[in-house]
Amino acid sequence: MVVPGLTLTIPRLTTPRLLLREYRMADFDAYAQSMTEPEATKFLSGVVDRRTSWRMFAAATGSWVLNGAGWWALEHRETREVVGEVGAFVRETSPDFEIGWNLYRRFWRQGFAVEGARAALEFTFESHRAKRVIAHIEVANVASVEVGRKLGMTYETDVDFFDKRIGRYAIER
């Protein structure tokens with residue numbers, strides 16, 4: 001259904017290897033499949049079913065309507081495959097912009113998380129004039145801690161995050 005007068009534009013960003021773009025319906029099957037993999041979801045929500053995956057997928061896109069920030073699909077510019085996602089968003093409980101990343105397992109350890117997250121981070125500082133951006137990362141998630149470090153983020157403190165203690169990392173400009 002098209003709502004007259006409602007226009008939504010999700011910005012597209014490019015990096016040497018990636019296109020950060022809006023989600024499309026064609027992206028959902030790969031997204032839902034990735035959410036069934038225990039190793040890939042252990043530091044996220046854990047394994048979820050297709051119905052819950054749909055809610056998460058739709059919410060990531062809907063965030064753009066609510067506050068002009070949200071999640072992008074990470075499309076490999078050469079192969080046109082979606083390799084994961086990256087987001088720069090605002091939670092309802094925090095005034096800070098937050099950044100996050102999640103790669104589909106077969107694309108781990110290829111530098112896509114740093115490349116996509118760096119573009120999202122720059123977009124947030126420039127377009128939203130954010131002074132500070134945070135990330136919530138579990139200490140055991142060594143790969144994501146390293147992504148945060150490569151982005152210039154530093155550990156601040158542990159916080160209560162959905163009834164779990166988790167590290168908050170930040171970068172300021």
# chains A, B, ... in the order shown; residues from 1 in each chain; ligands from 1
$ select_by_dssp --residues "chain A" --states "strand (DSSP E or B)" --output "PyMOL selection string"
chain A and resi 13-14+18-21+70-76+82-90+97-103+132-137+154-160+165-172
$ write_last_selection --atoms "N, CA and C atoms" --output "tab-separated table (two decimals), in the first residue's frame"
chain	number	residue	atom	x	y	z
A	13	LEU	N	25.23	4.60	1.00
A	13	LEU	CA	26.63	4.93	1.20
A	13	LEU	C	27.48	3.91	0.45
A	14	THR	N	28.61	4.33	-0.06
A	14	THR	CA	29.51	3.39	-0.71
A	14	THR	C	30.88	3.42	-0.06
A	18	LEU	N	31.73	-2.08	-0.67
A	18	LEU	CA	30.35	-2.25	-0.21
A	18	LEU	C	29.43	-1.12	-0.63
A	19	LEU	N	28.17	-1.47	-0.78
A	19	LEU	CA	27.09	-0.52	-0.89
A	19	LEU	C	26.23	-0.70	0.35
A	20	LEU	N	26.09	0.35	1.15
A	20	LEU	CA	25.17	0.33	2.29
A	20	LEU	C	23.86	0.86	1.74
A	21	ARG	N	22.83	0.01	1.77
A	21	ARG	CA	21.58	0.36	1.13
A	21	ARG	C	20.40	-0.13	1.96
A	70	GLY	N	18.93	4.13	11.11
A	70	GLY	CA	18.52	2.73	11.16
A	70	GLY	C	19.61	1.81	10.63
A	71	TRP	N	19.18	0.72	10.03
A	71	TRP	CA	20.08	-0.33	9.57
A	71	TRP	C	20.12	-0.37	8.05
A	72	TRP	N	21.30	-0.66	7.55
A	72	TRP	CA	21.51	-0.86	6.12
A	72	TRP	C	21.88	-2.31	5.84
A	73	ALA	N	21.47	-2.81	4.70
A	73	ALA	CA	22.02	-4.05	4.17
A	73	ALA	C	23.40	-3.73	3.61
A	74	LEU	N	24.35	-4.62	3.82
A	74	LEU	CA	25.69	-4.46	3.27
A	74	LEU	C	25.78	-5.32	2.01
A	75	GLU	N	25.78	-4.68	0.88
A	75	GLU	CA	25.85	-5.40	-0.39
A	75	GLU	C	27.26	-5.31	-0.95
A	76	HIS	N	27.83	-6.45	-1.30
A	76	HIS	CA	29.14	-6.48	-1.93
A	76	HIS	C	28.98	-5.89	-3.33
A	82	VAL	N	24.41	-9.80	-0.41
A	82	VAL	CA	24.33	-9.15	0.88
A	82	VAL	C	25.21	-9.95	1.84
A	83	VAL	N	26.17	-9.26	2.47
A	83	VAL	CA	27.14	-9.93	3.34
A	83	VAL	C	26.79	-9.76	4.82
A	84	GLY	N	25.83	-8.89	5.11
A	84	GLY	CA	25.43	-8.63	6.49
A	84	GLY	C	24.70	-7.32	6.59
A	85	GLU	N	24.85	-6.68	7.75
A	85	GLU	CA	24.15	-5.43	8.00
A	85	GLU	C	24.97	-4.56	8.93
A	86	VAL	N	24.71	-3.28	8.86
A	86	VAL	CA	25.32	-2.33	9.78
A	86	VAL	C	24.27	-1.27	10.09
A	87	GLY	N	24.29	-0.78	11.31
A	87	GLY	CA	23.30	0.22	11.68
A	87	GLY	C	23.91	1.37	12.45
A	88	ALA	N	23.30	2.52	12.30
A	88	ALA	CA	23.55	3.69	13.12
A	88	ALA	C	22.17	4.17	13.51
A	89	PHE	N	21.83	4.07	14.77
A	89	PHE	CA	20.44	4.21	15.20
A	89	PHE	C	20.37	4.79	16.60
A	90	VAL	N	19.15	5.09	17.02
A	90	VAL	CA	18.91	5.61	18.37
A	90	VAL	C	17.93	4.67	19.05
A	97	PHE	N	23.56	8.19	19.79
A	97	PHE	CA	23.52	7.34	18.60
A	97	PHE	C	24.32	6.09	18.92
A	98	GLU	N	23.86	4.98	18.39
A	98	GLU	CA	24.53	3.70	18.58
A	98	GLU	C	24.86	3.11	17.22
A	99	ILE	N	25.95	2.41	17.17
A	99	ILE	CA	26.34	1.72	15.95
A	99	ILE	C	26.39	0.23	16.23
A	100	GLY	N	26.05	-0.56	15.22
A	100	GLY	CA	26.10	-2.01	15.36
A	100	GLY	C	26.41	-2.65	14.02
A	101	TRP	N	26.84	-3.88	14.07
A	101	TRP	CA	27.18	-4.61	12.85
A	101	TRP	C	26.92	-6.08	13.06
A	102	ASN	N	26.61	-6.75	11.98
A	102	ASN	CA	26.37	-8.19	11.99
A	102	ASN	C	26.64	-8.70	10.59
A	103	LEU	N	27.58	-9.62	10.48
A	103	LEU	CA	27.88	-10.20	9.17
A	103	LEU	C	27.36	-11.62	9.11
A	132	ARG	N	28.86	12.07	19.83
A	132	ARG	CA	29.28	10.84	20.48
A	132	ARG	C	28.47	9.69	19.90
A	133	VAL	N	29.11	8.55	19.67
A	133	VAL	CA	28.45	7.34	19.19
A	133	VAL	C	28.92	6.19	20.06
A	134	ILE	N	28.00	5.33	20.45
A	134	ILE	CA	28.33	4.20	21.32
A	134	ILE	C	28.09	2.88	20.60
A	135	ALA	N	28.62	1.82	21.19
A	135	ALA	CA	28.35	0.45	20.76
A	135	ALA	C	28.29	-0.41	22.01
A	136	HIS	N	27.39	-1.37	22.03
A	136	HIS	CA	27.31	-2.34	23.12
A	136	HIS	C	27.93	-3.64	22.63
A	137	ILE	N	29.00	-4.07	23.30
A	137	ILE	CA	29.74	-5.26	22.86
A	137	ILE	C	30.09	-6.12	24.08
A	154	THR	N	36.55	3.32	22.38
A	154	THR	CA	37.21	2.86	23.59
A	154	THR	C	36.16	2.41	24.60
A	155	TYR	N	36.56	1.45	25.42
A	155	TYR	CA	35.69	0.94	26.47
A	155	TYR	C	35.42	2.04	27.48
A	156	GLU	N	34.13	2.18	27.87
A	156	GLU	CA	33.76	3.15	28.91
A	156	GLU	C	33.43	2.46	30.22
A	157	THR	N	32.47	1.55	30.16
A	157	THR	CA	31.99	0.91	31.38
A	157	THR	C	31.10	-0.27	31.01
A	158	ASP	N	30.80	-1.09	31.99
A	158	ASP	CA	29.78	-2.12	31.79
A	158	ASP	C	28.43	-1.51	32.14
A	159	VAL	N	27.41	-1.88	31.39
A	159	VAL	CA	26.06	-1.38	31.61
A	159	VAL	C	25.08	-2.54	31.64
A	160	ASP	N	23.91	-2.31	32.24
A	160	ASP	CA	22.84	-3.29	32.20
A	160	ASP	C	22.16	-3.16	30.85
A	165	ARG	N	24.93	-7.81	31.78
A	165	ARG	CA	26.03	-6.85	31.86
A	165	ARG	C	26.82	-6.93	30.56
A	166	ILE	N	27.06	-5.77	29.96
A	166	ILE	CA	27.72	-5.72	28.66
A	166	ILE	C	28.56	-4.44	28.59
A	167	GLY	N	29.61	-4.48	27.81
A	167	GLY	CA	30.48	-3.31	27.69
A	167	GLY	C	29.90	-2.25	26.80
A	168	ARG	N	30.06	-1.00	27.23
A	168	ARG	CA	29.70	0.14	26.38
A	168	ARG	C	30.99	0.78	25.91
A	169	TYR	N	31.11	0.90	24.61
A	169	TYR	CA	32.26	1.52	23.96
A	169	TYR	C	31.78	2.83	23.34
A	170	ALA	N	32.68	3.78	23.20
A	170	ALA	CA	32.26	5.08	22.67
A	170	ALA	C	33.38	5.73	21.86
A	171	ILE	N	32.96	6.61	21.00
A	171	ILE	CA	33.87	7.48	20.27
A	171	ILE	C	33.23	8.84	20.24
A	172	GLU	N	34.03	9.89	20.41
A	172	GLU	CA	33.52	11.26	20.42
A	172	GLU	C	34.23	12.09	19.37
$ residues_around --residues "region 32-47 of chain A" --least-positions-apart "5" --cutoff "9 Å" --atoms "only C-alpha atoms" --output "PyMOL selection string"
chain A and resi 27+52-54+57+84+102-105+137-138+140-141
$ write_last_selection --atoms "C-alpha atoms" --output "PDB file, in the first residue's frame"
ATOM      1  CA  ASP A  27      17.111  -9.826   1.328  1.00  0.00           C
ATOM      2  CA  THR A  52      10.766 -13.080  14.969  1.00  0.00           C
ATOM      3  CA  SER A  53      13.340 -12.512  12.230  1.00  0.00           C
ATOM      4  CA  TRP A  54      10.649 -10.746  10.213  1.00  0.00           C
ATOM      5  CA  PHE A  57      14.029  -7.051   9.812  1.00  0.00           C
ATOM      6  CA  GLY A  84      25.431  -8.632   6.490  1.00  0.00           C
ATOM      7  CA  ASN A 102      26.368  -8.191  11.995  1.00  0.00           C
ATOM      8  CA  LEU A 103      27.881 -10.201   9.174  1.00  0.00           C
ATOM      9  CA  TYR A 104      26.554 -13.413   7.718  1.00  0.00           C
ATOM     10  CA  ARG A 105      28.879 -16.127   8.907  1.00  0.00           C
ATOM     11  CA  ILE A 137      29.743  -5.259  22.863  1.00  0.00           C
ATOM     12  CA  GLU A 138      30.157  -8.327  25.048  1.00  0.00           C
ATOM     13  CA  ALA A 140      33.693 -12.379  24.974  1.00  0.00           C
ATOM     14  CA  ASN A 141      32.895 -11.139  21.465  1.00  0.00           C
TER      15      ASN A 141
END
$ select_by_dssp --residues "region 13-135 of chain A" --states "helix (DSSP H, G or I)" --output "PyMOL selection string"
chain A and resi 25-34+38-41+50-67+105-107+112-127
$ residues_around --residues "region 63-65 of chain A" --least-positions-apart "4" --cutoff "7 Å" --atoms "only C-alpha atoms" --output "PDB file with N, CA and C atoms, in the first residue's frame"
ATOM      1  N   LEU A   8       9.941   8.204   1.928  1.00  0.00           N
ATOM      2  CA  LEU A   8      11.020   7.751   2.788  1.00  0.00           C
ATOM      3  C   LEU A   8      12.244   7.517   1.923  1.00  0.00           C
ATOM      4  N   ILE A  10      16.109   6.273   2.345  1.00  0.00           N
ATOM      5  CA  ILE A  10      17.186   5.742   3.166  1.00  0.00           C
ATOM      6  C   ILE A  10      18.467   6.041   2.403  1.00  0.00           C
ATOM      7  N   ALA A  59      11.601  -3.918  11.777  1.00  0.00           N
ATOM      8  CA  ALA A  59      11.915  -2.858  12.740  1.00  0.00           C
ATOM      9  C   ALA A  59      13.183  -2.111  12.331  1.00  0.00           C
ATOM     10  N   ALA A  69      17.333   7.334  11.187  1.00  0.00           N
ATOM     11  CA  ALA A  69      18.524   6.508  11.350  1.00  0.00           C
ATOM     12  C   ALA A  69      18.057   5.063  11.443  1.00  0.00           C
ATOM     13  N   GLY A  70      18.931   4.134  11.113  1.00  0.00           N
ATOM     14  CA  GLY A  70      18.520   2.732  11.156  1.00  0.00           C
ATOM     15  C   GLY A  70      19.605   1.815  10.628  1.00  0.00           C
TER      16      GLY A  70
END
$ atom_distance --atom1 "CA of Ser127 (chain A)" --atom2 "CA of Ser144 (chain A)"
24.6 Å
$ atom_distance --atom1 "CA of Arg51 (chain A)" --atom2 "CA of Gln110 (chain A)"
29.8 Å
$ closest_residue --among "A:Val48, A:Arg91, A:Pro16, A:Arg80" --to "Leu66 (chain A)" --atoms "only C-alpha atoms"
A:Arg91
$ closest_residue --among "A:Pro95, A:Glu122, A:Val114, A:Asp49" --to "Asn67 (chain A)" --atoms "only C-alpha atoms"
A:Pro95
